[in-house]
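Asks: See query-v4.txt below, with compact mmCIF, C-alpha atoms.
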```txt
# COMPACT_ATOMS: atom_id res chain seq x y z
CA MET A 1 -14.74 1.88 -24.95
CA PRO A 2 -12.47 -0.84 -23.55
CA GLY A 3 -11.70 0.98 -20.31
CA PRO A 4 -8.33 2.02 -18.82
CA SER A 5 -5.22 0.30 -20.08
CA THR A 6 -3.19 -2.04 -17.88
CA GLU A 7 -0.22 0.31 -18.11
CA LEU A 8 -2.29 3.22 -16.77
CA VAL A 9 -3.65 1.18 -13.86
CA GLN A 10 -0.18 -0.09 -13.00
CA GLN A 11 1.15 3.45 -13.17
CA LEU A 12 -1.50 4.54 -10.66
CA TYR A 13 -0.75 1.66 -8.29
CA ARG A 14 2.97 2.43 -8.54
CA THR A 15 2.19 5.91 -7.23
CA PRO A 16 2.76 6.36 -3.45
CA PRO A 17 -0.53 6.38 -1.50
CA ASP A 18 -0.27 10.04 -0.48
CA ARG A 19 -0.30 11.05 -4.19
CA PHE A 20 -2.63 8.31 -5.45
CA VAL A 21 -5.88 10.31 -5.25
CA ALA A 22 -4.44 13.29 -7.14
CA ALA A 23 -2.98 11.03 -9.86
CA ARG A 24 -6.26 9.12 -10.18
CA ASP A 25 -8.33 12.31 -10.40
CA ALA A 26 -5.98 13.66 -13.08
CA ALA A 27 -6.38 10.44 -15.08
CA VAL A 28 -10.18 10.70 -14.73
CA ALA A 29 -10.09 14.28 -15.98
CA ASP A 30 -7.92 13.25 -18.95
CA ALA A 31 -10.36 10.47 -19.86
CA ARG A 32 -13.31 12.87 -19.69
CA ARG A 33 -11.54 15.42 -21.87
CA ALA A 34 -10.80 12.62 -24.34
CA GLY A 35 -14.53 11.79 -24.51
CA ASP A 36 -14.19 8.39 -22.78
CA PRO A 37 -16.75 8.32 -19.91
CA THR A 38 -16.42 4.54 -19.43
CA THR A 39 -12.70 4.79 -18.66
CA ALA A 40 -13.36 7.81 -16.43
CA ARG A 41 -15.94 5.88 -14.37
CA GLN A 42 -13.69 2.82 -14.02
CA LEU A 43 -10.74 4.95 -12.98
CA ALA A 44 -12.86 6.82 -10.44
CA ARG A 45 -13.72 3.48 -8.78
CA LEU A 46 -10.06 2.73 -8.04
CA ARG A 47 -9.31 3.04 -4.34
CA ARG A 48 -6.13 4.17 -2.64
CA PRO A 49 -4.02 1.32 -1.20
CA THR A 50 -2.39 1.35 2.20
CA VAL A 51 1.37 1.78 2.39
CA ALA A 52 1.89 -1.96 2.95
CA ALA A 53 -0.38 -2.86 0.02
CA TRP A 54 1.41 -0.28 -2.14
CA LEU A 55 4.76 -1.92 -1.35
CA VAL A 56 3.39 -5.34 -2.35
CA ASN A 57 1.92 -3.85 -5.54
CA LEU A 58 5.26 -2.20 -6.27
CA LEU A 59 6.94 -5.60 -5.95
CA ALA A 60 4.38 -7.24 -8.27
CA ILE A 61 4.74 -4.48 -10.89
CA ARG A 62 8.51 -3.98 -10.73
CA ARG A 63 9.52 -7.62 -10.20
CA PRO A 64 6.71 -9.79 -11.59
CA GLU A 65 9.03 -12.78 -12.04
CA LEU A 66 9.67 -12.94 -8.27
CA VAL A 67 5.95 -12.85 -7.51
CA ALA A 68 5.35 -15.55 -10.14
CA ASP A 69 7.90 -17.77 -8.31
CA LEU A 70 6.06 -17.09 -5.04
CA VAL A 71 2.69 -18.09 -6.54
CA GLU A 72 4.18 -21.28 -8.04
CA LEU A 73 5.77 -22.25 -4.72
CA ALA A 74 2.47 -21.51 -2.94
CA ASP A 75 0.64 -23.90 -5.29
CA GLU A 76 3.19 -26.63 -4.61
CA LEU A 77 2.97 -26.04 -0.86
CA ARG A 78 -0.82 -26.25 -0.82
CA THR A 79 -0.68 -29.44 -2.91
CA ALA A 80 1.82 -31.01 -0.51
CA GLN A 81 -0.38 -29.98 2.39
CA ARG A 82 -3.48 -31.58 0.88
CA GLU A 83 -1.58 -34.78 0.09
CA LEU A 84 0.09 -34.83 3.53
CA ARG A 85 3.58 -35.36 2.15
CA GLY A 86 5.63 -34.63 5.24
CA PRO A 87 9.20 -34.44 3.87
CA ARG A 88 8.14 -32.41 0.84
CA LEU A 89 6.04 -30.13 3.07
CA ARG A 90 9.03 -29.46 5.33
CA GLU A 91 11.23 -28.75 2.32
CA LEU A 92 8.71 -26.34 0.80
CA SER A 93 8.13 -24.64 4.16
CA ALA A 94 11.84 -23.91 4.39
CA GLN A 95 11.75 -22.55 0.84
CA ARG A 96 8.75 -20.40 1.80
CA ARG A 97 10.64 -18.75 4.64
CA ALA A 98 13.61 -18.09 2.38
CA VAL A 99 11.45 -16.69 -0.43
CA VAL A 100 9.48 -14.40 1.90
CA GLY A 101 12.69 -13.08 3.43
CA ALA A 102 14.16 -12.39 -0.01
CA LEU A 103 10.98 -10.66 -1.18
CA VAL A 104 10.86 -8.43 1.90
CA ALA A 105 14.47 -7.43 1.23
CA GLU A 106 13.56 -6.69 -2.40
CA VAL A 107 10.62 -4.55 -1.24
CA ARG A 108 13.02 -2.56 0.93
CA LYS A 109 15.27 -1.94 -2.09
CA LEU A 110 12.35 -0.91 -4.31
CA ALA A 111 11.07 1.50 -1.67
CA ALA A 112 14.53 3.04 -1.32
CA ALA A 113 14.52 3.74 -5.07
CA GLU A 114 11.17 5.58 -4.88
CA PRO A 115 11.69 9.31 -4.19
CA ASP A 116 8.37 9.76 -2.34
CA ALA A 117 8.46 6.52 -0.32
CA PRO A 118 8.42 6.65 3.51
CA PRO A 119 11.77 6.42 5.30
CA ALA A 120 13.22 2.94 5.69
CA GLY A 121 12.53 2.95 9.43
CA ARG A 122 8.82 3.59 8.86
CA LEU A 123 8.15 1.00 6.19
CA PRO A 124 5.44 -1.49 7.33
CA LEU A 125 7.59 -4.48 6.42
CA ALA A 126 5.85 -6.67 9.01
CA GLU A 127 2.55 -6.19 7.16
CA VAL A 128 4.30 -6.89 3.85
CA GLU A 129 5.71 -10.13 5.28
CA ALA A 130 2.30 -11.12 6.66
CA THR A 131 0.70 -10.49 3.25
CA LEU A 132 3.30 -12.58 1.43
CA ASN A 133 2.80 -15.39 3.95
CA ALA A 134 -0.96 -15.14 3.45
CA ALA A 135 -0.44 -15.64 -0.28
CA PHE A 136 0.91 -19.12 0.48
CA SER A 137 -2.25 -20.20 2.29
CA ASP A 138 -4.92 -18.34 0.30
CA ALA A 139 -5.07 -18.62 -3.50
CA GLU A 140 -7.26 -15.52 -3.71
CA VAL A 141 -4.68 -13.43 -1.86
CA ALA A 142 -1.99 -14.86 -4.17
CA ASP A 143 -3.98 -13.75 -7.22
CA GLN A 144 -4.42 -10.24 -5.79
CA VAL A 145 -0.71 -10.02 -5.05
CA ARG A 146 0.19 -11.16 -8.56
CA ALA A 147 -2.26 -8.64 -10.12
CA GLY A 148 -0.55 -5.74 -8.31
CA ARG A 149 -3.87 -4.20 -7.23
CA LEU A 150 -3.89 -4.99 -3.52
CA LEU A 151 -5.72 -2.41 -1.40
CA ARG A 152 -4.74 -3.50 2.10
CA ALA A 153 -2.44 -5.95 3.80
CA ALA A 154 -3.60 -9.53 4.41
CA SER A 155 -3.04 -11.42 7.65
CA TYR A 156 -1.50 -14.86 7.93
CA ALA A 157 -2.52 -17.41 10.57
CA GLY A 158 -0.83 -20.58 9.38
CA PHE A 159 -2.11 -23.01 6.78
CA GLY A 160 -5.51 -23.67 8.32
CA GLU A 161 -6.89 -26.93 9.67
CA VAL A 162 -5.10 -29.97 8.37
CA PRO A 163 -6.56 -33.42 9.06
CA ARG A 164 -4.26 -35.66 11.07
CA PRO A 165 -2.94 -38.47 8.86
CA GLN A 166 -3.59 -42.09 9.67
CA LEU A 167 -0.12 -43.43 10.34
CA ARG A 168 0.93 -47.02 9.63
CA LEU A 169 4.25 -48.22 10.95
CA VAL A 170 6.28 -50.43 8.61
CA THR A 171 8.54 -52.60 10.79
CA GLY A 172 10.32 -54.62 8.11
CA ASP A 173 8.88 -57.95 9.35
CA ASP A 174 7.01 -59.95 6.74
CA GLU A 175 4.75 -61.74 9.18
CA GLU A 176 1.24 -60.58 9.83
CA PRO A 177 0.76 -59.20 13.37
CA GLU A 178 0.02 -61.87 15.90
CA GLU A 179 -3.20 -61.95 17.81
CA GLU A 180 -3.18 -60.49 21.28
CA ARG A 181 -2.15 -62.80 24.06
CA PRO A 182 -5.04 -63.89 26.23
CA ALA A 183 -5.44 -62.10 29.51
CA ARG A 184 -4.36 -63.82 32.68
CA ARG A 185 -6.90 -65.25 35.01
CA PRO A 186 -7.59 -63.24 38.13
CA GLY A 187 -5.86 -65.80 40.22
CA ALA A 188 -2.60 -65.26 38.42
CA GLN A 189 -2.34 -61.73 39.83
CA ARG A 190 -1.62 -63.14 43.33
CA GLY A 191 1.79 -64.34 42.15
CA ARG A 192 0.84 -67.92 41.63
CA PRO A 193 2.29 -69.19 38.33
CA GLU A 194 0.03 -70.68 35.76
CA PRO A 195 0.73 -74.34 35.05
CA ALA A 196 2.33 -74.84 31.71
CA THR A 197 0.14 -76.43 29.14
CA ARG A 198 1.16 -78.94 26.52
CA ALA A 199 0.70 -76.33 23.80
CA ASP A 200 3.07 -73.92 25.61
CA ARG A 201 5.72 -76.58 25.99
CA ALA A 202 5.33 -77.76 22.42
CA ALA A 203 5.31 -74.36 20.61
CA PRO A 204 8.54 -72.35 21.18
CA GLY A 205 7.97 -70.52 17.82
CA THR A 206 4.93 -68.87 19.33
CA ASP A 207 7.11 -67.19 21.99
CA ARG A 208 9.44 -65.80 19.33
CA ALA A 209 6.46 -64.43 17.34
CA THR A 210 5.08 -62.85 20.49
CA SER A 211 8.45 -61.25 21.20
CA ARG A 212 8.58 -59.77 17.72
CA THR A 213 5.04 -58.43 18.16
CA ASP A 214 6.03 -56.80 21.45
CA ARG A 215 9.06 -55.16 19.87
CA ALA A 216 6.93 -53.90 16.96
CA ALA A 217 4.40 -52.50 19.41
CA SER A 218 7.19 -50.79 21.31
CA ARG A 219 8.52 -49.25 18.12
CA THR A 220 5.00 -48.14 17.23
CA ASP A 221 4.61 -46.47 20.61
CA ARG A 222 7.95 -44.70 20.25
CA ALA A 223 7.05 -43.52 16.75
CA ALA A 224 3.68 -42.26 17.93
CA GLU A 225 5.38 -40.44 20.81
CA ARG A 226 7.87 -38.84 18.43
CA ALA A 227 5.02 -37.79 16.14
CA GLU A 228 3.18 -36.21 19.07
CA GLN A 229 6.35 -34.45 20.17
CA ALA A 230 6.88 -33.13 16.64
CA GLU A 231 3.28 -31.95 16.52
CA ARG A 232 3.64 -30.16 19.87
CA ALA A 233 6.89 -28.58 18.67
CA ALA A 234 5.17 -27.40 15.50
CA GLN A 235 2.35 -25.92 17.56
CA ARG A 236 4.85 -24.15 19.82
CA ALA A 237 6.69 -22.83 16.78
CA ALA A 238 3.41 -21.60 15.29
CA ARG A 239 2.50 -19.87 18.55
CA ALA A 240 5.95 -18.31 18.75
CA GLU A 241 5.64 -17.11 15.14
CA ARG A 242 2.24 -15.58 15.83
CA ALA A 243 3.59 -13.93 18.98
CA ARG A 244 6.54 -12.56 17.00
CA GLN A 245 4.22 -11.20 14.34
CA ARG A 246 1.97 -9.73 17.04
CA ARG A 247 4.94 -7.95 18.64
CA ALA A 248 6.04 -6.66 15.24
CA LEU A 249 2.51 -5.45 14.52
CA ASP A 250 2.31 -3.80 17.95
CA ARG A 251 5.56 -1.97 17.23
CA GLU A 252 4.30 -1.00 13.81
CA LEU A 253 1.00 0.19 15.35
CA ALA A 254 2.87 2.33 17.87
CA LEU A 255 4.93 3.88 15.08
CA ALA A 256 1.81 4.41 12.97
CA GLN A 257 -0.02 6.07 15.85
CA ALA A 258 2.97 8.31 16.53
CA ASP A 259 3.12 9.20 12.85
CA GLN A 260 -0.61 9.89 12.89
CA LYS A 261 -0.28 12.29 15.81
CA ARG A 262 2.65 14.01 14.14
CA VAL A 263 0.94 14.45 10.78
CA GLU A 264 -2.28 15.56 12.48
CA ALA A 265 -0.31 18.26 14.28
CA GLU A 266 1.31 19.21 10.99
CA LEU A 267 -2.13 19.29 9.38
CA THR A 268 -3.45 21.60 12.11
CA GLU A 269 -0.47 23.90 11.69
CA ALA A 270 -0.75 23.86 7.91
CA THR A 271 -4.48 24.59 8.14
CA GLY A 272 -3.80 27.61 10.34
CA GLN A 273 -1.11 28.84 7.98
CA GLU A 274 -3.46 28.38 5.05
CA ARG A 275 -6.17 30.35 6.85
CA ASP A 276 -3.71 33.15 7.64
CA GLY A 277 -2.51 33.16 4.04
CA VAL A 278 -6.06 33.42 2.76
CA ALA A 279 -6.68 36.40 5.07
CA VAL A 280 -3.50 38.15 3.91
CA LEU A 281 -4.38 37.48 0.29
CA ASP A 282 -7.88 38.84 0.81
CA GLY A 283 -6.42 42.02 2.31
CA ILE A 284 -3.99 42.43 -0.56
CA GLU A 285 -6.75 41.90 -3.09
CA ALA A 286 -8.88 44.54 -1.31
CA GLU A 287 -5.96 46.95 -1.40
CA LEU A 288 -5.45 46.21 -5.07
CA ALA A 289 -9.12 46.88 -5.77
CA GLU A 290 -8.91 50.23 -3.95
CA LEU A 291 -5.78 51.15 -5.87
CA GLU A 292 -7.47 50.22 -9.14
CA ARG A 293 -10.43 52.45 -8.23
CA ARG A 294 -8.15 55.35 -7.34
CA ARG A 295 -6.21 54.82 -10.52
CA ALA A 296 -9.42 55.02 -12.58
CA VAL A 297 -10.40 58.26 -10.82
CA ALA A 298 -6.92 59.73 -11.40
CA GLU A 299 -7.04 58.73 -15.05
CA GLN A 300 -10.40 60.49 -15.40
CA ASP A 301 -9.02 63.62 -13.68
CA LEU A 302 -5.99 63.56 -15.94
CA SER A 303 -8.18 63.25 -19.01
CA ARG A 304 -10.27 66.23 -17.92
CA ALA A 305 -7.12 68.24 -17.23
CA LYS A 306 -5.78 67.45 -20.69
CA LEU A 307 -9.03 68.60 -22.27
CA ALA A 308 -8.96 71.81 -20.22
CA ARG A 309 -5.33 72.44 -21.23
CA ARG A 310 -6.16 72.00 -24.89
CA ALA A 311 -9.14 74.34 -24.61
CA ALA A 312 -6.98 76.94 -22.85
CA GLU A 313 -4.34 76.62 -25.54
CA ARG A 314 -6.96 77.25 -28.21
CA ALA A 315 -8.30 80.25 -26.25
CA VAL A 316 -4.80 81.68 -25.91
CA THR A 317 -4.28 81.30 -29.64
CA VAL A 318 -7.55 83.09 -30.39
CA ALA A 319 -6.76 85.85 -27.89
CA ARG A 320 -3.30 86.39 -29.33
CA ARG A 321 -4.69 86.56 -32.82
CA ARG A 322 -7.35 89.05 -31.72
CA ALA A 323 -4.77 91.15 -29.90
CA GLY A 324 -2.64 91.23 -33.04
CA GLU A 325 -5.59 92.29 -35.09
CA VAL A 326 -6.45 95.09 -32.64
CA GLU A 327 -2.86 96.25 -32.57
CA ALA A 328 -2.81 96.34 -36.36
CA ALA A 329 -6.06 98.35 -36.37
CA ILE A 330 -4.64 100.80 -33.84
CA GLU A 331 -1.53 101.24 -35.91
CA ALA A 332 -3.61 101.81 -39.06
CA LEU A 333 -5.75 104.32 -37.22
CA ALA A 334 -2.69 106.11 -35.94
CA ALA A 335 -1.27 106.28 -39.46
CA GLU A 336 -4.50 107.71 -40.76
CA GLU A 337 -4.51 110.30 -38.02
CA GLY A 338 -0.94 111.25 -38.92
CA ASP A 339 -1.78 111.60 -42.53
CA ALA A 340 -4.78 113.74 -41.64
CA ASP A 341 -2.74 116.02 -39.44
CA GLY A 342 -0.13 116.44 -42.17
CA GLY A 343 -2.71 117.39 -44.79
CA ALA A 344 -4.31 119.97 -42.52
CA GLY A 345 -0.98 121.68 -41.85
CA ALA A 346 -0.21 121.95 -45.54
CA ALA A 347 -3.54 123.57 -46.19
CA ASP A 348 -2.90 126.21 -43.64
```
Would you mind writing the file out in structure tokens?

Replies:
Amino acid sequence: MPGPSTELVQQLYRTPPDRFVAARDAAVADARRAGDPTTARQLARLRRPTVAAWLVNLLAIRRPELVADLVELADELRTAQRELRGPRLRELSAQRRAVVGALVAEVRKLAAAEPDAPPAGRLPLAEVEATLNAAFSDAEVADQVRAGRLLRAASYAGFGEVPRPQLRLVTGDDEEPEEERPARRPGAQRGRPEPATRADRAAPGTDRATSRTDRAASRTDRAAERAEQAERAAQRAARAERARQRRALDRELALAQADQKRVEAELTEATGQERDGVAVLDGIEAELAELERRRAVAEQDLSRAKLARRAAERAVTVARRRAGEVEAAIEALAAEEGDADGGAGAAD
């Protein structure tokens, strides 16, 4: 047997998590009734996703073209990161933020169209956003997102360790960099000028080359400083982003814990109601059993009464017939006596 079809698996992972287990068990039962134990075993191994993972799966199943664009952009971004292409990396990073924002908005729309989805205020959109961001840095997460079979949300902590590039400043001068100027003698530090040599007086071009070298070094220092400032700004931005995500996750955790307490209280109440209902049903069933027993006894009594009535009717019939016969005999006897009396009188 080839196992469960892709459509069936997608149908299960489109099902909200609170109904996933029941839908999966029903599919397993259908496969067993159809005589397909392999499909039944594979379906039984499917695990229920979290709400955030279900939302990502719903996006992958309902809008696969958007997830395909995300995976393609993630590949380009990782390539640019490996090749250390700064401008392209900045461009793709901006696209990443825009794509993730659009996908989160699409997830909100898809959830609103699902009748059994949680309310909009309780959707774990922060976990959805973190998972989509993780897909940009981890190819394995991207593949799971594209497959639509994610079981839990993935966390995102940036793009990992990136080696610092070796920078080379291009100044526009064609000359090779000049050698460093020799250090002054210790005596020159006391303010006493060095005597000019013949080479110094005879080589004014050397001063101009040295000046160009100093300007290039100054530009190099400024560029290095700007690069360090940009790196510190990027680190601050990354820390701020992580702090924002942490605050969002803390809020989501507080909501989840409140929801957990609420549903646990509802579960306790529902369990008590179920227990009371079972007790009432047991009492009703006991009463029904007693009524059935009494009904059987009454039916037996009625049957015996019917038999007795029929026997009495037959006895009455026999008695009436006997009484008629006796009456007829009496009348015949009386007639004979009359005839006898009449004959005796005539003889006299």

Asks: How far is it from CA of Ala323 (chain A) to CA of Arg310 (chain A), in Å with one decimal?

Replies: 19.8 Å

Asks: Which residues are near Leu132 (chain A)? Cut-off 10 Å, only C-alpha atoms, ignore same chain within fewer than 2 positions. Put them as number ranges by chain.

Replies: A: 56, 67, 70-71, 74, 96, 99-101, 103-104, 126-130, 134-137, 141-142, 145, 153-156

Asks: Mind writing the picked residues with C-alpha atoms as a short mmCIF file (atom, residue, chain, number, x, y, z; two decimals), in the frame of the given file?

Replies:
```cif
data_model
loop_
_atom_site.label_atom_id
_atom_site.label_comp_id
_atom_site.auth_asym_id
_atom_site.auth_seq_id
_atom_site.Cartn_x
_atom_site.Cartn_y
_atom_site.Cartn_z
CA VAL A 56 3.39 -5.34 -2.35
CA VAL A 67 5.95 -12.85 -7.51
CA LEU A 70 6.06 -17.09 -5.04
CA VAL A 71 2.69 -18.09 -6.54
CA ALA A 74 2.47 -21.51 -2.94
CA ARG A 96 8.75 -20.40 1.80
CA VAL A 99 11.45 -16.69 -0.43
CA VAL A 100 9.48 -14.40 1.90
CA GLY A 101 12.69 -13.08 3.43
CA LEU A 103 10.98 -10.66 -1.18
CA VAL A 104 10.86 -8.43 1.90
CA ALA A 126 5.85 -6.67 9.01
CA GLU A 127 2.55 -6.19 7.16
CA VAL A 128 4.30 -6.89 3.85
CA GLU A 129 5.71 -10.13 5.28
CA ALA A 130 2.30 -11.12 6.66
CA ALA A 134 -0.96 -15.14 3.45
CA ALA A 135 -0.44 -15.64 -0.28
CA PHE A 136 0.91 -19.12 0.48
CA SER A 137 -2.25 -20.20 2.29
CA VAL A 141 -4.68 -13.43 -1.86
CA ALA A 142 -1.99 -14.86 -4.17
CA VAL A 145 -0.71 -10.02 -5.05
CA ALA A 153 -2.44 -5.95 3.80
CA ALA A 154 -3.60 -9.53 4.41
CA SER A 155 -3.04 -11.42 7.65
CA TYR A 156 -1.50 -14.86 7.93
#
```

Asks: Looking at only C-alpha atoms, which of A:Ala265, A:Arg146, A:Ile284, A:Arg251 is the one that sits closest to Ala68 (chain A)?

Replies: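 Nearest candidate to Ala68 (chain A) out of A:Ala265, A:Arg146, A:Ile284, A:Arg251: A:Arg146.
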
Asks: Just to confirm, what's the straight-line distance from CA of Val21 (chain A) to CA of Arg48 (chain A) in Å (one decimal)?

Replies: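 Value for the CA of Val21 (chain A)-CA of Arg48 (chain A) distance: 6.7 Å.
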
Asks: Quick one: of A:Ala319, A:Leu151, A:Ala31, A:Ala26, who's nearest to Leu46 (chain A), counting only C-alpha atoms?

Replies: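 Checking each of A:Ala319, A:Leu151, A:Ala31, A:Ala26 against Leu46 (chain A), counting only C-alpha atoms, the winner is A:Leu151.
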
Asks: I'd like the interatomic distance between CA of Glu325 (chain A) and CA of Ala311 (chain A), to a tenth of an Å.

Replies: 21.1 Å

Asks: Save region 281-300 of chain A from what I just supplied, as an mmCIF file, in the first residue's frame, atoms limited to N, CA and C atoms.

Replies:
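Written file, decode23.cif:
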```
data_model
loop_
_atom_site.group_PDB
_atom_site.id
_atom_site.type_symbol
_atom_site.label_atom_id
_atom_site.label_comp_id
_atom_site.auth_asym_id
_atom_site.auth_seq_id
_atom_site.Cartn_x
_atom_site.Cartn_y
_atom_site.Cartn_z
ATOM 1 N N LEU A 281 -28.357 9.529 34.429
ATOM 2 C CA LEU A 281 -28.663 8.503 33.431
ATOM 3 C C LEU A 281 -28.712 7.112 34.055
ATOM 4 N N ASP A 282 -27.787 6.839 34.966
ATOM 5 C CA ASP A 282 -27.825 5.544 35.646
ATOM 6 C C ASP A 282 -29.131 5.369 36.415
ATOM 7 N N GLY A 283 -29.584 6.426 37.104
ATOM 8 C CA GLY A 283 -30.842 6.341 37.835
ATOM 9 C C GLY A 283 -32.029 6.093 36.912
ATOM 10 N N ILE A 284 -32.034 6.813 35.785
ATOM 11 C CA ILE A 284 -33.126 6.633 34.824
ATOM 12 C C ILE A 284 -33.110 5.213 34.267
ATOM 13 N N GLU A 285 -31.923 4.719 33.943
ATOM 14 C CA GLU A 285 -31.842 3.358 33.425
ATOM 15 C C GLU A 285 -32.304 2.336 34.467
ATOM 16 N N ALA A 286 -32.004 2.574 35.754
ATOM 17 C CA ALA A 286 -32.477 1.670 36.804
ATOM 18 C C ALA A 286 -34.005 1.711 36.902
ATOM 19 N N GLU A 287 -34.551 2.947 36.816
ATOM 20 C CA GLU A 287 -36.001 3.065 36.842
ATOM 21 C C GLU A 287 -36.630 2.362 35.650
ATOM 22 N N LEU A 288 -36.015 2.520 34.479
ATOM 23 C CA LEU A 288 -36.524 1.854 33.293
ATOM 24 C C LEU A 288 -36.484 0.331 33.459
ATOM 25 N N ALA A 289 -35.409 -0.173 34.033
ATOM 26 C CA ALA A 289 -35.319 -1.621 34.260
ATOM 27 C C ALA A 289 -36.420 -2.116 35.200
ATOM 28 N N GLU A 290 -36.686 -1.320 36.276
ATOM 29 C CA GLU A 290 -37.754 -1.697 37.204
ATOM 30 C C GLU A 290 -39.108 -1.659 36.511
ATOM 31 N N LEU A 291 -39.327 -0.637 35.698
ATOM 32 C CA LEU A 291 -40.595 -0.555 34.974
ATOM 33 C C LEU A 291 -40.748 -1.720 33.996
ATOM 34 N N GLU A 292 -39.654 -2.082 33.339
ATOM 35 C CA GLU A 292 -39.719 -3.224 32.429
ATOM 36 C C GLU A 292 -40.064 -4.515 33.186
ATOM 37 N N ARG A 293 -39.472 -4.665 34.379
ATOM 38 C CA ARG A 293 -39.783 -5.866 35.178
ATOM 39 C C ARG A 293 -41.246 -5.876 35.587
ATOM 40 N N ARG A 294 -41.748 -4.739 36.052
ATOM 41 C CA ARG A 294 -43.145 -4.641 36.458
ATOM 42 C C ARG A 294 -44.073 -4.844 35.268
ATOM 43 N N ARG A 295 -43.664 -4.366 34.128
ATOM 44 C CA ARG A 295 -44.474 -4.561 32.938
ATOM 45 C C ARG A 295 -44.575 -6.056 32.592
ATOM 46 N N ALA A 296 -43.422 -6.764 32.691
ATOM 47 C CA ALA A 296 -43.441 -8.200 32.401
ATOM 48 C C ALA A 296 -44.363 -8.947 33.364
ATOM 49 N N VAL A 297 -44.304 -8.566 34.660
ATOM 50 C CA VAL A 297 -45.180 -9.207 35.650
ATOM 51 C C VAL A 297 -46.638 -8.923 35.324
ATOM 52 N N ALA A 298 -46.944 -7.659 34.978
ATOM 53 C CA ALA A 298 -48.329 -7.296 34.661
ATOM 54 C C ALA A 298 -48.822 -8.043 33.427
ATOM 55 N N GLU A 299 -47.913 -8.170 32.429
ATOM 56 C CA GLU A 299 -48.312 -8.904 31.233
ATOM 57 C C GLU A 299 -48.617 -10.374 31.559
ATOM 58 N N GLN A 300 -47.803 -10.958 32.446
ATOM 59 C CA GLN A 300 -48.087 -12.337 32.867
ATOM 60 C C GLN A 300 -49.420 -12.434 33.608
#
```
